[in-house]
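Asker: My structure is below; once you've seen it, I'll send some questions.
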Amino acid sequence: DEVKGKGKWELKSLKLDDLKETLNKFQQAYSKGGMPSLFWSNHDQPRALGRYLNLEYRYYGQTMLFMLMFLQKGHIFIYQGEEFGMSGLGYVDISVYKDVEAINYYNEAIKVKPKEEVLKSLSVKARDHSRTPMQWDNTKYAGFSNVKPWLDVNKNYPTVNFKKDYESENSIYLFLKELLKIKTNNETLKNGSFKLVDLGENVFAYERKLDENYLVVCNFSDCEQKIKDIDGKIILNNYKEFNNKLKPYQALLIKRG
């Protein structure tokens, strides 16, 4: 989601075709040996959930991201807080930021751009969004400490925290556990071939083949997507049903043949 030649702070929407091209390149590079690293976020990259998706669909968005990335070939890396859907701070004042990169950019950019535009860029791309304290529960400072942390706790911590997610009917954490169990015990999903499948511009789909044949289908949008009939047995679904229309951020693992 960067504008080529203009640095990280210029904003543009992520093009799914660009993501497909990048991830396919990695998968093909490791097709004859080795293992790529599979991850969405880290301490230098803002959390993918808020960066790319509509936070109104937190459970479905985060579980879709997990299925899209982690069912590929590679070693899985889960960044702290992703397992229950932590997101960035959103649009906040410059006084909230601690990262020197963000502060330096702000001080230079406001000389030539409106303050609101600069803060908007920071709200999407600043590194502090992935560095806020872990949100364990809804107690003061999210159970992270008994004193005010250096970085502010995200204000959404009363509703977005590990304890609440774990006890929820739709638990991101428990869904992730099931996904990891399936991947760990399946040779095809660990070492099989990877091939992109075209099911529409807003759908990221790919096939994994070895001893068995699997299809992973992910709706990368917050709108329903109609797709062609798919044969096979659904092994994992982040919704309770599938009727040949993908609901917002719906993701499926299908065993074929």
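Every chain in the structure tokens has a letter given in the order shown (A, B, ...), and although residue numbers restart at 1 in each chain, ligands are simply numbered from 1 in the order shown.
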Applying 8 Å and only C-alpha atoms, which residues near segment 222-227 of chain A remain after dropping the ones on its own chain fewer than 5 positions away? List them as a list in words.

Answerer: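 Once the nearby chain positions are removed, what remains is Leu53, Asn54, Tyr57, Leu199, Gly200, Asn202, Val203, Asn244, Lys245, Leu246, Lys247, Pro248 and Tyr249 of chain A.
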
Asker: Which residues are close to Lys20 of chain A, i.e. within 10 Å by only C-alpha atoms, leaving aside same-chain residues fewer than 3 positions away? Reply as a compact mmCIF listing (two decimals) with C-alpha atoms, in the first residue's frame.

Answerer:
# COMPACT_ATOMS: atom_id res chain seq x y z
CA LYS A 15 -4.45 -3.62 -4.41
CA LEU A 16 -5.17 -7.29 -3.93
CA ASP A 17 -3.46 -8.13 -7.23
CA LEU A 23 3.06 -13.69 -2.04
CA ASN A 24 3.09 -15.89 -5.14
CA LYS A 25 6.65 -14.76 -5.86
CA LEU A 196 -3.09 -19.07 -7.31
CA VAL A 203 -10.99 -12.92 -3.62
CA PHE A 204 -7.58 -14.34 -2.71
CA ALA A 205 -7.69 -18.06 -3.53
CA TYR A 206 -4.99 -20.66 -3.93

Asker: Pick out the closest residue to Gly50 of chain A from this set: A:Asp198, A:Glu82, A:Asp99, A:Glu167. Count only C-alpha atoms.

Answerer: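 Going through A:Asp198, A:Glu82, A:Asp99, A:Glu167 one by one, the smallest distance to Gly50 of chain A is for A:Glu82.
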
Asker: Between A:Tyr105, A:Tyr166, A:Phe77, A:Tyr173, which has the minimum distance to Phe39 of chain A (counting only C-alpha atoms)?

Answerer: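 For Phe39 of chain A, the nearest of the given residues is A:Phe77.
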
Asker: So which residues of segment 64-200 of chain A fall under alpha helix (DSSP H) by DSSP, listed as number ranges by chain?

Answerer: A: 64-70, 100-109, 115-125, 162-166, 172-184, 187-191

Asker: Set the distance at 8 Å and use only C-alpha atoms: which residues neighbour Phe26 of chain A once local chain neighbours fewer than 4 positions away are removed? I'd like the list as a PyMOL selection string.

Answerer: chain A and resi 22+30+36

Asker: What's the 8 Å shell around Glu83 of chain A, counting only C-alpha atoms, without same-chain residues fewer than 4 positions away, as a PyMOL selection string?

Answerer: chain A and resi 78-79+172-173+176

Asker: Restricting the calculation to only C-alpha atoms: of A:Lys228, A:Arg58, A:Lys240, A:Lys195, which residue gets closest to Gly85 of chain A?

Answerer: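 For Gly85 of chain A, the nearest of the candidates is A:Arg58.
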
Asker: If we count only C-alpha atoms and set the cut-off at 9 Å, which residues sit around Tyr157 of chain A, ignoring sequence neighbours fewer than 6 positions away in its own chain? Please answer as a ChimeraX atom specification.

Answerer: /A:86,135-139,141-142

Asker: Write the residues of the preceding selection, restricted to C-alpha atoms, as a PDB file, in the first residue's frame.

Answerer:
ATOM      1  CA  MET A  86      -5.483  -5.980  18.496  1.00  0.00           C
ATOM      2  CA  GLN A 135      -4.195  -5.926  26.187  1.00  0.00           C
ATOM      3  CA  TRP A 136      -4.750  -8.808  28.591  1.00  0.00           C
ATOM      4  CA  ASP A 137      -8.062  -7.771  30.163  1.00  0.00           C
ATOM      5  CA  ASN A 138     -10.302  -4.776  30.896  1.00  0.00           C
ATOM      6  CA  THR A 139      -8.577  -3.680  34.110  1.00  0.00           C
ATOM      7  CA  TYR A 141      -3.742  -0.384  31.761  1.00  0.00           C
ATOM      8  CA  ALA A 142      -5.262  -3.541  30.231  1.00  0.00           C
TER       9      ALA A 142
END

Asker: Provide the atom CA of Glu201 of chain A to atom CA of Ser87 of chain A distance in Å, to one decimal place.

Answerer: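 One can read the atom CA of Glu201 of chain A to atom CA of Ser87 of chain A distance as 25.6 Å.
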
Asker: Record the distance separating atom CA of Lys111 of chain A and atom CA of Val124 of chain A, expressed in Å with one decimal.

Answerer: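 Computed distance, atom CA of Lys111 of chain A to atom CA of Val124 of chain A, equals 20.1 Å.
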
Asker: Could you tell me which of A:Ser31, A:Ser171, A:Ser123, A:Ser37 comes closest to Gly192 of chain A if we count only C-alpha atoms?

Answerer: A:Ser31

Asker: Counting only C-alpha atoms, figure out which residue out of A:Ser121, A:Ser13, A:Asn107, A:Ser130 gets nearest to Pro46 of chain A.

Answerer: A:Ser130

Asker: Determine, counting only C-alpha atoms, which protein, DNA and RNA residues have an atom within 7 Å of an atom of Leu71 of chain A; residues of the same chain fewer than 4 positions away are not included. Present the result as number ranges by chain.

Answerer: A: 67, 183, 189

Asker: Measuring between only C-alpha atoms, which one of A:Arg131, A:Lys233, A:Lys155, A:Lys12 shows the shortest distance to Leu252 of chain A?

Answerer: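 Answer, going by the shortest atom-to-atom distance: A:Lys233.
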
Asker: Any idea what's packed within 10 Å of Glu108 of chain A, counting only C-alpha atoms, ignoring anything in its chain fewer than 5 positions away? Could you give it as a PDB file with C-alpha atoms, in the first residue's frame?

Answerer:
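Generated file (out_4.pdb):
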ATOM      1  CA  ILE A 103       7.926  12.593  15.107  1.00  0.00           C
ATOM      2  CA  LYS A 113       1.138  19.783   4.195  1.00  0.00           C
ATOM      3  CA  VAL A 118       0.060  14.364   8.067  1.00  0.00           C
TER       4      VAL A 118
END
